Amino acid sequence: MKKMLFQRNLWVVMVLIIGVVFGVEGRPHKILLDTDVDTDDFFAILYLLKLNRSEFDLQAITINTNAWTNAGHAVNQVYDLLYMMGRDDISVGVGGEGGIREDGTILPNVGGYLPIIEQGLTTTGGCRYRQAIPKGRFGGMLDIDSNYGFRKAFLPQGSRKYQPLRQPTAQQVMIDTISSGPITVFVIGAHTNFAIFLMDNPHLKKNIKHIYVMGGGIRSKNPTGCCPKNASSSCTPRQCGDRGNLFTDFTSNPYAEFNFFGDPFAAYQVLHSGIPITLVPLDATNTIPVDKKFFDTFEQNQKTYEAQYCFKSLKMTRDTWFDDQFYTSYFMWDSFTSGIATSIMRHSHKNRHGENEFADMEYMNITVVSSNKPYGISDGSNPFFDGLKIPKFNLKRGGVHSGHVQKSLRDPFCIAENGKGRCKDGYTKEETGPEGVRVLVATKAKPNQDAKSPLDREFFMSFLDVLNSPEQSGRFNFTDEFPYYREVFYKPDFGRKKLGKSVVFDMDMSAGDFLALLFLLKVPVEVINLKAILVTPTGWANGATIDVIYDLLHMMGHDDIPVGLGDVFAMNQSDPIFSAVGDCKYVKAIPQGSGGFLDSDTLYGFARYLPRSPRRYTAENSVKNGAPRDTDHPELRQPLALEVWDSVLKTLDSGSKITILTNGPLTTLANIILSRKNTTSLIQDVYIVGGHISNGGTIKGNVFSVPSNEHAELNMYLDPLAAKTVFESDLDIKLIPLRAQNGVSSFPRIIQKLFLTKKTPEVLFAHRLLSTLHHLQEKHLRYRHMHTFLGEILGAVVVADDYSCLNATFNSKPIKLSATGDESMDGQIAIDEKQGKIVKILRRVNPKAYYNLIADRLGDEKQSAVISSFEEQKRIWTTPPKIKLKAE
């Protein structure tokens, strides 16, 4: 087998050399790739990067941000992938702050964070389609954002990174790249970005030679979810034989494929653009599953860094697969599309029928379903028509876009009495009428021409040959880039110091939370003994941002502090049938783009400055902890919040109690209360940063993206049921409300204090971050709420100060929180003398003392950073260690 692969590799090299000499019509095929950066997407990216640039020149990558990954994590992974491959010349576009007006006017730089039907003037909005994608572990967005933990462990970190207001947008990159045409476009995610481009730039269609699309299912029959031949009679088929592959939503929509379901209207626009299209649907990809023979062969052939990265990712996908049918359920989706496309393009000068080495092809007349019959109804499901005198984009009333549009996973309209879903949003169906578009369609993977090979598909051989070719190979991975790289775990030595009160910090990873954490780590251990960090990813950042916490702890020499990951859904928001997916009723208030998740997930670009911790999120797991099987290193498994809480309790001395500081939604604390008996007896007190008590006053809350709710504060609003659970418990609660926070939210004052204090690494970091937040707030409307994060430091300062310097004033009031499911009222707090819970509410602190405390504490050289930055790490890893000579 090795000899055969060597011969094949030699053949690939010869083909690449021939490409240099002859080329294709003397010019390379220029390619723009629009991707959602799922695991199979970067298989496709690396396959394209390995092909000879004299034939295929990947010029730009745009990131689809409403599917399997979140923008901040996706863009930095693409940058690092390109850096490894020596291709920093490739433009990368993501996001944008433009919107679409009610009349259909498309403003510049629409970011594609939302499907077109949900797109308004901002990046906040619902998740009617995206909620079908799992959000957490076991192959969900958490795993894809971090590439199961391999992204930071393997990919080197280059100089390119996301930066607020400097990041090229998806539309900018598309316009610049396509304007220089002619070019071929590959779409291997949802179609939002490209559809918006086509709708807003019809004059540039002439520059697009061809569109290659992975998505849809025409005549496909889903092979997953079927009962094995020897299964017992109790086995119930799930989505077996369905046209689509929505494994989370087949009871409502058995027809759609994920990429087309992500934005059916956008897919319709692309398909009906008039540009020649080749489609690689489930019909073809279902015939090229990653079987065991391919997997085993791949495992034995990892000669390049890119091959290693792909195999590590594939193996972890297999090891964490939700059932035992991985080898018949995971397919070569996007990489197969890249292979078919480039094979057709290679012979395009004499190829009219899509002949290629890897798939059988057939012309079909098809369309994409964007709404369900009967057309012309008005039932509140279709924003293109409902309530509008003139339909958006001047769409035709009674036309194919005017029916019911699936609203959610369990949309009652979509659920038929026979148990088979009736919604067809995103279905790629054959159409003989005027709606049909003639498209070249891949129907089946071709068998391997080498009968002696254990691999049964021709593309399997090509994929392994190309990925393992020494030509245009990756230069290094993260560890091999540095000749003296070594992992170091830091743990402080407190000697015989008497440790202070035990504190657990619960954070949602907003910018203010990281500044609060930095402050807590600077407080003398005689005052605060920070026992653990609990992460609540139902607020300002996505779960994979937990790596930034690990990096900050590493910087401060605290690799000993455990970090536990909480639930990814607010209470009662996960789906009752398939708990890995759920609604975004409250978290949709957080912008997806600037000033929201994009910035929080990257810490406004500053996460890349932090030193790289040896700890990180990983998908490693074990049967003991509820996984389907043990992975290779279950000891590296990411602890859950409740597990970390339990471990902290075991370390307490007899009679000791814990102080909790919460800086986000109260999801994790509520889960502790509900799932752990006698919890309140072990908690000394709880400091809650959040809440707003309007009491009929004129001062409004800060839920700026929900105009109907004027008096709630975001931490309470993002999980009102959890907040209600906490406030109705027996806990001793000290509330640090919005009004108190606003009293100490002056950027100029804190920035000036930090400027004048000693320049410790933590002062420099805080000063740069706060200066950036202030600059952004003054420069762009999307950042007008930045002062909110400055106020979040207040809780940490109050917990550490014991009120001695701050002159903090608390009043006890009976309060009640609204959590009825009404978005215009949820999260609001009122004084209720009859039914309210007595809570101590912070009225004010001395602002001057507050700013001085922060600056003095961060400027204190005690308990300072042990390693200041990633740049310092790089210097250490590139410098030979000093050899200590023994004295004679």
# chains A, B, ... in the order shown; residues from 1 in each chain; ligands from 1
call {"tool": "select_by_dssp", "arguments": {"residues": "region 309-523 of chain A", "states": "alpha helix (DSSP H)", "output": "NGL selection string"}}
result
:A and (309-319 or 326-329 or 334-346 or 458-468 or 511-522)
call {"tool": "residues_around", "arguments": {"residues": "Gly72 (chain A)", "least_positions_apart": "4", "cutoff": "7 Å", "atoms": "only C-alpha atoms", "output": "ChimeraX atom specification"}}
result
/A:76,598-599,601-602
call {"tool": "residues_around", "arguments": {"residues": "Pro814 (chain A)", "least_positions_apart": "3", "cutoff": "8 Å", "atoms": "only C-alpha atoms", "output": "list in words"}}
result
Ile831, Asp832, Glu833, Gln835, Gly836, Lys837, Ile838 and Val839 of chain A
call {"tool": "write_last_selection", "arguments": {"atoms": "all heavy atoms", "output": "short mmCIF file (atom, residue, chain, number, x, y, z; two decimals), in the first residue's frame"}}
result
data_model
loop_
_atom_site.label_atom_id
_atom_site.label_comp_id
_atom_site.auth_asym_id
_atom_site.auth_seq_id
_atom_site.Cartn_x
_atom_site.Cartn_y
_atom_site.Cartn_z
N ILE A 831 -39.63 46.89 43.04
CA ILE A 831 -39.77 46.79 44.49
C ILE A 831 -41.17 46.26 44.79
O ILE A 831 -42.17 46.77 44.30
CB ILE A 831 -39.59 48.17 45.16
CG1 ILE A 831 -38.23 48.77 44.79
CG2 ILE A 831 -39.74 48.05 46.68
CD1 ILE A 831 -37.05 47.98 45.29
N ASP A 832 -41.22 45.18 45.57
CA ASP A 832 -42.50 44.55 45.90
C ASP A 832 -42.53 44.28 47.40
O ASP A 832 -41.94 43.32 47.89
CB ASP A 832 -42.68 43.25 45.11
CG ASP A 832 -44.08 42.65 45.25
OD1 ASP A 832 -44.68 42.81 46.33
OD2 ASP A 832 -44.54 42.03 44.28
N GLU A 833 -43.21 45.15 48.14
CA GLU A 833 -43.21 45.07 49.60
C GLU A 833 -43.89 43.80 50.11
O GLU A 833 -43.57 43.31 51.20
CB GLU A 833 -43.93 46.29 50.19
CG GLU A 833 -43.27 47.62 49.87
CD GLU A 833 -41.95 47.81 50.63
OE1 GLU A 833 -41.66 47.00 51.53
OE2 GLU A 833 -41.22 48.77 50.31
N GLN A 835 -44.43 40.61 48.20
CA GLN A 835 -43.93 39.31 47.75
C GLN A 835 -42.43 39.34 47.40
O GLN A 835 -41.88 38.32 46.99
CB GLN A 835 -44.71 38.86 46.50
CG GLN A 835 -46.19 38.67 46.77
CD GLN A 835 -46.93 38.22 45.52
OE1 GLN A 835 -46.40 38.26 44.41
NE2 GLN A 835 -48.17 37.76 45.70
N GLY A 836 -41.79 40.46 47.59
CA GLY A 836 -40.40 40.60 47.18
C GLY A 836 -39.42 39.90 48.10
O GLY A 836 -39.70 39.67 49.28
N LYS A 837 -38.25 39.55 47.56
CA LYS A 837 -37.16 38.95 48.34
C LYS A 837 -36.24 40.09 48.81
O LYS A 837 -35.86 40.96 48.02
CB LYS A 837 -36.39 37.98 47.44
CG LYS A 837 -34.97 37.67 47.85
CD LYS A 837 -34.90 36.72 49.04
CE LYS A 837 -33.45 36.45 49.44
NZ LYS A 837 -32.77 35.55 48.50
N ILE A 838 -35.88 40.06 50.09
CA ILE A 838 -34.99 41.10 50.62
C ILE A 838 -33.59 40.91 50.06
O ILE A 838 -32.98 39.85 50.21
CB ILE A 838 -34.95 41.06 52.16
CG1 ILE A 838 -36.33 41.36 52.74
CG2 ILE A 838 -33.91 42.06 52.69
CD1 ILE A 838 -36.82 42.76 52.46
N VAL A 839 -33.12 41.95 49.39
CA VAL A 839 -31.80 41.94 48.77
C VAL A 839 -31.08 43.23 49.15
O VAL A 839 -31.68 44.30 49.20
CB VAL A 839 -31.94 41.84 47.23
CG1 VAL A 839 -30.59 42.07 46.55
CG2 VAL A 839 -32.49 40.48 46.84
#
call {"tool": "closest_residue", "arguments": {"among": "A:Asn418, A:Ser469, A:Thr367, A:Ser146", "to": "Tyr305 (chain A)", "atoms": "only C-alpha atoms"}}
result
A:Ser469
call {"tool": "residues_around", "arguments": {"residues": "region 525-539 of chain A", "least_positions_apart": "3", "cutoff": "7 Å", "atoms": "only C-alpha atoms", "output": "number ranges by chain"}}
result
A: 497-508, 542-543, 561-570, 587, 641, 648, 664-665, 667-668, 718, 800
call {"tool": "write_last_selection", "arguments": {"atoms": "N, CA, C and O atoms", "output": "short mmCIF file (atom, residue, chain, number, x, y, z; two decimals), in the first residue's frame"}}
result
data_model
loop_
_atom_site.label_atom_id
_atom_site.label_comp_id
_atom_site.auth_asym_id
_atom_site.auth_seq_id
_atom_site.Cartn_x
_atom_site.Cartn_y
_atom_site.Cartn_z
N LYS A 497 1.25 31.59 53.82
CA LYS A 497 0.29 32.69 53.89
C LYS A 497 -1.09 32.16 54.27
O LYS A 497 -1.50 31.07 53.84
N LYS A 498 -1.77 32.93 55.08
CA LYS A 498 -3.14 32.59 55.44
C LYS A 498 -4.05 33.08 54.33
O LYS A 498 -4.14 34.28 54.06
N LEU A 499 -4.71 32.15 53.67
CA LEU A 499 -5.52 32.51 52.52
C LEU A 499 -6.82 33.17 52.94
O LEU A 499 -7.41 32.85 53.98
N GLY A 500 -7.27 34.11 52.10
CA GLY A 500 -8.47 34.88 52.39
C GLY A 500 -9.73 34.11 52.06
O GLY A 500 -9.74 32.88 51.92
N LYS A 501 -10.81 34.86 51.93
CA LYS A 501 -12.11 34.21 51.71
C LYS A 501 -12.14 33.50 50.35
O LYS A 501 -11.57 33.96 49.37
N SER A 502 -12.80 32.37 50.34
CA SER A 502 -12.90 31.57 49.12
C SER A 502 -13.93 32.19 48.18
O SER A 502 -15.08 32.42 48.57
N VAL A 503 -13.50 32.47 46.96
CA VAL A 503 -14.36 33.13 45.98
C VAL A 503 -14.43 32.27 44.71
O VAL A 503 -13.42 31.75 44.24
N VAL A 504 -15.63 32.15 44.18
CA VAL A 504 -15.85 31.54 42.87
C VAL A 504 -16.41 32.62 41.96
O VAL A 504 -17.39 33.29 42.32
N PHE A 505 -15.78 32.80 40.80
CA PHE A 505 -16.17 33.84 39.87
C PHE A 505 -16.93 33.21 38.71
O PHE A 505 -16.43 32.34 38.00
N ASP A 506 -18.18 33.66 38.51
CA ASP A 506 -19.04 33.17 37.42
C ASP A 506 -19.12 34.28 36.37
O ASP A 506 -19.63 35.36 36.64
N MET A 507 -18.61 34.00 35.16
CA MET A 507 -18.49 35.05 34.15
C MET A 507 -19.04 34.59 32.80
O MET A 507 -19.04 33.40 32.49
N ASP A 508 -19.52 35.56 32.00
CA ASP A 508 -19.99 35.23 30.66
C ASP A 508 -19.01 35.68 29.58
O ASP A 508 -19.32 35.64 28.40
N ASN A 542 -19.36 33.21 23.02
CA ASN A 542 -19.64 31.80 22.75
C ASN A 542 -18.69 30.91 23.55
O ASN A 542 -17.63 31.34 24.00
N GLY A 543 -19.06 29.64 23.68
CA GLY A 543 -18.36 28.73 24.58
C GLY A 543 -16.87 28.60 24.33
O GLY A 543 -16.08 28.49 25.27
N ILE A 561 -5.97 27.15 38.70
CA ILE A 561 -7.37 27.48 38.95
C ILE A 561 -8.26 26.73 37.97
O ILE A 561 -8.12 26.88 36.76
N PRO A 562 -9.18 25.90 38.47
CA PRO A 562 -10.06 25.15 37.56
C PRO A 562 -11.08 26.06 36.89
O PRO A 562 -11.54 27.04 37.49
N VAL A 563 -11.45 25.71 35.67
CA VAL A 563 -12.42 26.48 34.90
C VAL A 563 -13.50 25.51 34.42
O VAL A 563 -13.21 24.53 33.74
N GLY A 564 -14.73 25.77 34.78
CA GLY A 564 -15.84 24.89 34.43
C GLY A 564 -16.79 25.54 33.44
O GLY A 564 -17.13 26.72 33.57
N LEU A 565 -17.22 24.78 32.45
CA LEU A 565 -18.07 25.29 31.39
C LEU A 565 -19.53 24.97 31.68
O LEU A 565 -19.90 23.81 31.89
N GLY A 566 -20.36 26.01 31.68
CA GLY A 566 -21.78 25.85 31.97
C GLY A 566 -22.61 25.55 30.73
O GLY A 566 -22.10 25.40 29.62
N ASP A 567 -23.91 25.47 30.91
CA ASP A 567 -24.84 25.17 29.82
C ASP A 567 -24.78 26.25 28.76
O ASP A 567 -24.66 27.44 29.07
N VAL A 568 -24.97 25.84 27.50
CA VAL A 568 -24.91 26.80 26.39
C VAL A 568 -26.27 27.42 26.11
O VAL A 568 -26.37 28.33 25.28
N PHE A 569 -27.31 26.94 26.78
CA PHE A 569 -28.64 27.52 26.59
C PHE A 569 -29.16 28.09 27.91
O PHE A 569 -28.91 27.54 28.98
N ALA A 570 -29.90 29.19 27.81
CA ALA A 570 -30.62 29.70 28.96
C ALA A 570 -31.68 28.69 29.37
O ALA A 570 -32.05 27.79 28.61
N VAL A 587 -30.88 35.50 23.90
CA VAL A 587 -29.51 35.81 23.48
C VAL A 587 -29.48 36.49 22.12
O VAL A 587 -28.47 37.10 21.74
N ALA A 641 -19.23 23.04 34.59
CA ALA A 641 -19.35 23.97 35.71
C ALA A 641 -19.77 23.26 36.99
O ALA A 641 -19.22 23.52 38.07
N VAL A 648 -14.75 22.11 44.19
CA VAL A 648 -14.44 23.21 45.10
C VAL A 648 -14.98 22.92 46.49
O VAL A 648 -14.31 23.14 47.52
N GLY A 664 -22.62 37.85 34.82
CA GLY A 664 -23.33 37.54 33.58
C GLY A 664 -24.71 37.01 33.89
O GLY A 664 -25.22 37.17 35.00
N PRO A 665 -25.35 36.35 32.92
CA PRO A 665 -26.63 35.70 33.21
C PRO A 665 -26.46 34.69 34.34
O PRO A 665 -25.37 34.16 34.56
N THR A 667 -27.54 31.68 34.72
CA THR A 667 -27.84 30.31 34.31
C THR A 667 -27.11 29.29 35.17
O THR A 667 -27.71 28.34 35.68
N THR A 668 -25.81 29.45 35.31
CA THR A 668 -25.01 28.46 36.04
C THR A 668 -25.37 28.42 37.51
O THR A 668 -25.53 27.33 38.10
N LEU A 718 -31.05 38.11 29.78
CA LEU A 718 -30.53 37.01 28.98
C LEU A 718 -30.94 35.63 29.51
O LEU A 718 -30.91 34.66 28.77
N ALA A 800 -13.52 42.58 46.81
CA ALA A 800 -12.15 42.61 47.36
C ALA A 800 -11.97 43.69 48.42
O ALA A 800 -11.13 43.56 49.31
#
call {"tool": "closest_residue", "arguments": {"among": "A:Ser348, A:Thr287, A:Thr428, A:Thr248", "to": "Pro447 (chain A)", "atoms": "only C-alpha atoms"}}
result
A:Thr287
call {"tool": "residues_around", "arguments": {"residues": "Trp877 (chain A)", "least_positions_apart": "5", "cutoff": "7 Å", "atoms": "only C-alpha atoms", "output": "PyMOL selection string"}}
result
chain A and resi 482-485
call {"tool": "residues_around", "arguments": {"residues": "Thr443 (chain A)", "least_positions_apart": "5", "cutoff": "8 Å", "atoms": "only C-alpha atoms", "output": "PDB file with N, CA and C atoms, in the first residue's frame"}}
result
ATOM      1  N   VAL A 280     -23.162  19.932  -6.251  1.00  0.00           N
ATOM      2  CA  VAL A 280     -22.782  18.648  -5.662  1.00  0.00           C
ATOM      3  C   VAL A 280     -23.682  18.436  -4.446  1.00  0.00           C
ATOM      4  N   PRO A 281     -24.822  17.764  -4.639  1.00  0.00           N
ATOM      5  CA  PRO A 281     -25.802  17.598  -3.564  1.00  0.00           C
ATOM      6  C   PRO A 281     -25.568  16.325  -2.764  1.00  0.00           C
ATOM      7  N   ASP A 283     -27.130  13.740  -3.083  1.00  0.00           N
ATOM      8  CA  ASP A 283     -27.206  12.597  -3.999  1.00  0.00           C
ATOM      9  C   ASP A 283     -25.817  12.005  -4.226  1.00  0.00           C
ATOM     10  N   ALA A 284     -24.827  12.891  -4.418  1.00  0.00           N
ATOM     11  CA  ALA A 284     -23.456  12.447  -4.685  1.00  0.00           C
ATOM     12  C   ALA A 284     -22.675  12.207  -3.404  1.00  0.00           C
ATOM     13  N   ALA A 359     -16.870  12.013 -10.233  1.00  0.00           N
ATOM     14  CA  ALA A 359     -18.315  11.861 -10.046  1.00  0.00           C
ATOM     15  C   ALA A 359     -19.037  11.758 -11.379  1.00  0.00           C
ATOM     16  N   ASP A 360     -20.111  10.984 -11.398  1.00  0.00           N
ATOM     17  CA  ASP A 360     -21.018  10.982 -12.536  1.00  0.00           C
ATOM     18  C   ASP A 360     -21.848  12.255 -12.484  1.00  0.00           C
ATOM     19  N   MET A 361     -22.154  12.794 -13.675  1.00  0.00           N
ATOM     20  CA  MET A 361     -22.851  14.074 -13.763  1.00  0.00           C
ATOM     21  C   MET A 361     -24.116  13.931 -14.606  1.00  0.00           C
ATOM     22  N   GLU A 362     -25.071  14.805 -14.312  1.00  0.00           N
ATOM     23  CA  GLU A 362     -26.320  14.800 -15.078  1.00  0.00           C
ATOM     24  C   GLU A 362     -26.930  16.196 -15.013  1.00  0.00           C
TER      25      GLU A 362
END
call {"tool": "select_by_dssp", "arguments": {"residues": "region 269-442 of chain A", "states": "strand (DSSP E)", "output": "VMD selection string"}}
result
chain A and resid 277 to 280 359 to 368 428 to 430 437 to 442
call {"tool": "residues_around", "arguments": {"residues": "Gly791 (chain A)", "least_positions_apart": "5", "cutoff": "9 Å", "atoms": "only C-alpha atoms", "output": "list of chain:residue names"}}
result
A:Gly512, A:Val689, A:Leu738, A:Ala740, A:Gln741, A:Asn742, A:Gly743, A:Val744, A:Ser745, A:Ser746
call {"tool": "closest_residue", "arguments": {"among": "A:Tyr375, A:Tyr586, A:Tyr604, A:Phe747", "to": "Gly126 (chain A)", "atoms": "only C-alpha atoms"}}
result
A:Tyr586
call {"tool": "atom_distance", "arguments": {"atom1": "CA of Ile100 (chain A)", "atom2": "CA of Asp34 (chain A)"}}
result
20.6 Å
call {"tool": "closest_residue", "arguments": {"among": "A:Cys226, A:Ile211, A:Ile196, A:Leu764", "to": "Ile117 (chain A)", "atoms": "only C-alpha atoms"}}
result
A:Ile196
call {"tool": "closest_residue", "arguments": {"among": "A:Pro202, A:Pro881, A:Pro492, A:Pro720", "to": "Ala865 (chain A)", "atoms": "only C-alpha atoms"}}
result
A:Pro492
